[in-house]
Structure formats: structure tokens, C-alpha cells
Amino acid sequence: KQWYQRRVSITAGGASQELRREIRLREIKEYKCLSEGRSGNMRDAEQFDEISDALRCIGVPDTEIHEIYKIVSGVMAFGNVEFIDSGDTRGGSKVSPESSDWIEIAATCLSLEGDDLRHSLTSRLMQTKNLKKGTTYMVPLKKKEALH
């Protein structure tokens with residue numbers, strides 16, 4: 001976990017302001033999966049460049065490196081999404097209003113629609129099997145299920 005956190009925080013801390021805007025990257029301290037009181041350090045930019053150069057060295061084009069950073073930004077945003085009970089009779093959950101920005105960041109970075117992402121995080125597809133024809137339907141996830 002610490003290795004992952006360090007590599008991702010280098011990405012977050014070392015990205016240029018232009019790239020940060022493009023991939024909707026926020027300050028490190030805003031990410032629950034990274035922060036724990038950490039803010040960027042002086043070597044983050046240098047190490048970020050080293051990672052980018054290493055990717056180029058093995059033949060990864062700049063456009064794909066950019067996409068990698070977009071995906072990382074989207075995944076980091078997931079760590080800040082919180083769920084609440086939906087309050088409906090089916091006992092499901094929904095994304096908390098405070099998490100709406102994080103959902104939109106994740107959706108944008110992963111080229112998804114925000115509403116589709118919300119729905120997929122709070123429900124699952126069930127399929128019944130019978131000999132002639134199976135039926136599929138969506139089942140709402142409880143808050144605890146949505147977290148996992």
C-alpha cells in the first residue's frame with residue numbers, strides 16, 4: 001500500500017498545472033487514499049518526470065501517458081466517494097451529495113457518464129436462470145455492499 005501511495009502521490013504532486021487541469025487533479029491533501037496529512041514534496045516533480053521519461057523509454061507515446069494519468073486521477077477520485085442509505089423501501093444506497101464532484105471527476109477521467117457511474121456503483125445486475133429464458137434485473141446495493 002505504501003509503494004502504491006507513494007507512486008500515485010508523485011503523479012499527483014509532480015504533474016504540471018496544465019496537466020492537473022486537464023485530468024482534473026486536485027491537491028494531494030484532498031485525496032483520502034493518499035493524504036494522511038501528506039502534501040507534495042520537492043522531489044515529486046522530478047520523480048514525476050522520471051516516471052514519464054521511463055514510460056517514453058519503453059515506447060509509450062505521450063498521448064497514452066496522458067491517458068494513464070487520466071485513469072490514475074479517476075481511480076484516485078473513487079477513494080473520496082461516499083455512500084448513504086437511499087431511504088427508499090428497497091433498502092438501497094446512493095452516492096452522498098458531498099461526493100458528487102468526485103463522481104464527476106472519476107466519470108470524466110474514465111470517459112463515462114456521471115449518472116451511469118452512480119448507477120453502476122449502487123446496483124448490480126442479477127440474472128435468473130431457467131431452461132427457456134433467463135430474466136435480468138437490477139438490484140440496489142446496500143451502503144456496505146456499495147463500499148466494496
# chains A, B, ... in the order shown; residues from 1 in each chain; ligands from 1
>>> residues_around(residues="Thr136 (chain A)", least_positions_apart="3", cutoff="7 Å", atoms="only C-alpha atoms", output="NGL selection string")
:A and (125-128)
>>> residues_around(residues="Ser123 (chain A)", least_positions_apart="2", cutoff="6 Å", atoms="only C-alpha atoms", output="ChimeraX atom specification")
/A:120-121,139-141
>>> atom_distance(atom1="CA of Ser100 (chain A)", atom2="CA of Thr122 (chain A)")
13.6 Å
>>> atom_distance(atom1="CA of Gly14 (chain A)", atom2="CA of Asp49 (chain A)")
7.6 Å
>>> select_by_dssp(residues="region 60-144 of chain A", states="strand (DSSP E or B)", output="ChimeraX atom specification")
/A:83-85,93-95,123-127,136-140
>>> closest_residue(among="A:Val75, A:Ala45, A:Phe83, A:Glu104", to="Ser16 (chain A)", atoms="only C-alpha atoms")
A:Ala45
>>> select_by_dssp(residues="chain A", states="helix (DSSP H, G or I)", output="count of residues only")
80
>>> atom_distance(atom1="CA of Ile23 (chain A)", atom2="CA of Cys109 (chain A)")
6.3 Å
>>> decode(residues="region 71-102 of chain A", atoms="N, CA and C atoms", output="PDB file, in the first residue's frame")
ATOM      1  N   ILE A  71      -6.508   8.083 -16.069  1.00  0.00           N
ATOM      2  CA  ILE A  71      -7.071   6.916 -15.377  1.00  0.00           C
ATOM      3  C   ILE A  71      -6.687   6.948 -13.896  1.00  0.00           C
ATOM      4  N   VAL A  72      -5.426   7.251 -13.621  1.00  0.00           N
ATOM      5  CA  VAL A  72      -4.971   7.336 -12.224  1.00  0.00           C
ATOM      6  C   VAL A  72      -5.783   8.392 -11.477  1.00  0.00           C
ATOM      7  N   SER A  73      -6.009   9.542 -12.095  1.00  0.00           N
ATOM      8  CA  SER A  73      -6.793  10.603 -11.469  1.00  0.00           C
ATOM      9  C   SER A  73      -8.222  10.129 -11.196  1.00  0.00           C
ATOM     10  N   GLY A  74      -8.808   9.419 -12.148  1.00  0.00           N
ATOM     11  CA  GLY A  74     -10.161   8.894 -11.963  1.00  0.00           C
ATOM     12  C   GLY A  74     -10.243   7.885 -10.837  1.00  0.00           C
ATOM     13  N   VAL A  75      -9.266   7.000 -10.764  1.00  0.00           N
ATOM     14  CA  VAL A  75      -9.248   5.993  -9.702  1.00  0.00           C
ATOM     15  C   VAL A  75      -9.048   6.652  -8.340  1.00  0.00           C
ATOM     16  N   MET A  76      -8.190   7.657  -8.282  1.00  0.00           N
ATOM     17  CA  MET A  76      -7.976   8.366  -7.019  1.00  0.00           C
ATOM     18  C   MET A  76      -9.267   9.040  -6.550  1.00  0.00           C
ATOM     19  N   ALA A  77     -10.054   9.553  -7.494  1.00  0.00           N
ATOM     20  CA  ALA A  77     -11.315  10.202  -7.139  1.00  0.00           C
ATOM     21  C   ALA A  77     -12.285   9.210  -6.494  1.00  0.00           C
ATOM     22  N   PHE A  78     -12.246   7.950  -6.936  1.00  0.00           N
ATOM     23  CA  PHE A  78     -13.114   6.930  -6.331  1.00  0.00           C
ATOM     24  C   PHE A  78     -12.903   6.815  -4.826  1.00  0.00           C
ATOM     25  N   GLY A  79     -11.678   7.023  -4.385  1.00  0.00           N
ATOM     26  CA  GLY A  79     -11.381   6.905  -2.960  1.00  0.00           C
ATOM     27  C   GLY A  79     -12.100   7.923  -2.095  1.00  0.00           C
ATOM     28  N   ASN A  80     -12.632   8.975  -2.709  1.00  0.00           N
ATOM     29  CA  ASN A  80     -13.346  10.005  -1.957  1.00  0.00           C
ATOM     30  C   ASN A  80     -14.861   9.884  -2.073  1.00  0.00           C
ATOM     31  N   VAL A  81     -15.341   8.895  -2.808  1.00  0.00           N
ATOM     32  CA  VAL A  81     -16.780   8.717  -2.968  1.00  0.00           C
ATOM     33  C   VAL A  81     -17.332   8.037  -1.717  1.00  0.00           C
ATOM     34  N   GLU A  82     -18.391   8.619  -1.174  1.00  0.00           N
ATOM     35  CA  GLU A  82     -19.055   8.054  -0.004  1.00  0.00           C
ATOM     36  C   GLU A  82     -20.494   7.736  -0.363  1.00  0.00           C
ATOM     37  N   PHE A  83     -21.044   6.747   0.329  1.00  0.00           N
ATOM     38  CA  PHE A  83     -22.405   6.298   0.067  1.00  0.00           C
ATOM     39  C   PHE A  83     -23.262   6.512   1.297  1.00  0.00           C
ATOM     40  N   ILE A  84     -24.542   6.743   1.065  1.00  0.00           N
ATOM     41  CA  ILE A  84     -25.516   6.873   2.145  1.00  0.00           C
ATOM     42  C   ILE A  84     -26.708   5.990   1.813  1.00  0.00           C
ATOM     43  N   ASP A  85     -27.511   5.696   2.818  1.00  0.00           N
ATOM     44  CA  ASP A  85     -28.737   4.943   2.575  1.00  0.00           C
ATOM     45  C   ASP A  85     -29.661   5.797   1.720  1.00  0.00           C
ATOM     46  N   SER A  86     -30.299   5.147   0.757  1.00  0.00           N
ATOM     47  CA  SER A  86     -31.157   5.897  -0.160  1.00  0.00           C
ATOM     48  C   SER A  86     -32.479   6.306   0.472  1.00  0.00           C
ATOM     49  N   GLY A  87     -32.887   5.589   1.516  1.00  0.00           N
ATOM     50  CA  GLY A  87     -34.134   5.925   2.174  1.00  0.00           C
ATOM     51  C   GLY A  87     -35.370   5.382   1.476  1.00  0.00           C
ATOM     52  N   ASP A  88     -35.171   4.629   0.394  1.00  0.00           N
ATOM     53  CA  ASP A  88     -36.347   4.056  -0.267  1.00  0.00           C
ATOM     54  C   ASP A  88     -36.694   2.693   0.330  1.00  0.00           C
ATOM     55  N   THR A  89     -37.812   2.153  -0.055  1.00  0.00           N
ATOM     56  CA  THR A  89     -38.305   0.896   0.527  1.00  0.00           C
ATOM     57  C   THR A  89     -37.483  -0.315   0.107  1.00  0.00           C
ATOM     58  N   ARG A  90     -36.704  -0.196  -0.944  1.00  0.00           N
ATOM     59  CA  ARG A  90     -35.894  -1.332  -1.400  1.00  0.00           C
ATOM     60  C   ARG A  90     -34.590  -1.462  -0.619  1.00  0.00           C
ATOM     61  N   GLY A  91     -34.278  -0.479   0.222  1.00  0.00           N
ATOM     62  CA  GLY A  91     -33.101  -0.576   1.080  1.00  0.00           C
ATOM     63  C   GLY A  91     -31.775  -0.360   0.385  1.00  0.00           C
ATOM     64  N   GLY A  92     -31.759   0.388  -0.679  1.00  0.00           N
ATOM     65  CA  GLY A  92     -30.532   0.608  -1.421  1.00  0.00           C
ATOM     66  C   GLY A  92     -29.694   1.748  -0.879  1.00  0.00           C
ATOM     67  N   SER A  93     -28.691   2.110  -1.630  1.00  0.00           N
ATOM     68  CA  SER A  93     -27.809   3.212  -1.259  1.00  0.00           C
ATOM     69  C   SER A  93     -27.713   4.175  -2.425  1.00  0.00           C
ATOM     70  N   LYS A  94     -27.118   5.318  -2.145  1.00  0.00           N
ATOM     71  CA  LYS A  94     -26.846   6.292  -3.203  1.00  0.00           C
ATOM     72  C   LYS A  94     -25.555   7.014  -2.864  1.00  0.00           C
ATOM     73  N   VAL A  95     -25.007   7.676  -3.855  1.00  0.00           N
ATOM     74  CA  VAL A  95     -23.792   8.463  -3.654  1.00  0.00           C
ATOM     75  C   VAL A  95     -24.178   9.695  -2.848  1.00  0.00           C
ATOM     76  N   SER A  96     -23.395   9.988  -1.820  1.00  0.00           N
ATOM     77  CA  SER A  96     -23.704  11.155  -0.981  1.00  0.00           C
ATOM     78  C   SER A  96     -23.577  12.433  -1.804  1.00  0.00           C
ATOM     79  N   PRO A  97     -24.390  13.431  -1.481  1.00  0.00           N
ATOM     80  CA  PRO A  97     -24.304  14.704  -2.216  1.00  0.00           C
ATOM     81  C   PRO A  97     -22.897  15.316  -2.173  1.00  0.00           C
ATOM     82  N   GLU A  98     -22.191  15.119  -1.051  1.00  0.00           N
ATOM     83  CA  GLU A  98     -20.827  15.667  -0.926  1.00  0.00           C
ATOM     84  C   GLU A  98     -19.848  14.998  -1.887  1.00  0.00           C
ATOM     85  N   SER A  99     -20.218  13.834  -2.397  1.00  0.00           N
ATOM     86  CA  SER A  99     -19.333  13.093  -3.297  1.00  0.00           C
ATOM     87  C   SER A  99     -19.602  13.360  -4.773  1.00  0.00           C
ATOM     88  N   SER A 100     -20.571  14.201  -5.064  1.00  0.00           N
ATOM     89  CA  SER A 100     -20.955  14.442  -6.464  1.00  0.00           C
ATOM     90  C   SER A 100     -19.786  14.918  -7.322  1.00  0.00           C
ATOM     91  N   ASP A 101     -18.989  15.849  -6.794  1.00  0.00           N
ATOM     92  CA  ASP A 101     -17.831  16.333  -7.568  1.00  0.00           C
ATOM     93  C   ASP A 101     -16.860  15.200  -7.862  1.00  0.00           C
ATOM     94  N   TRP A 102     -16.639  14.324  -6.876  1.00  0.00           N
ATOM     95  CA  TRP A 102     -15.699  13.219  -7.065  1.00  0.00           C
ATOM     96  C   TRP A 102     -16.212  12.236  -8.124  1.00  0.00           C
TER      97      TRP A 102
END
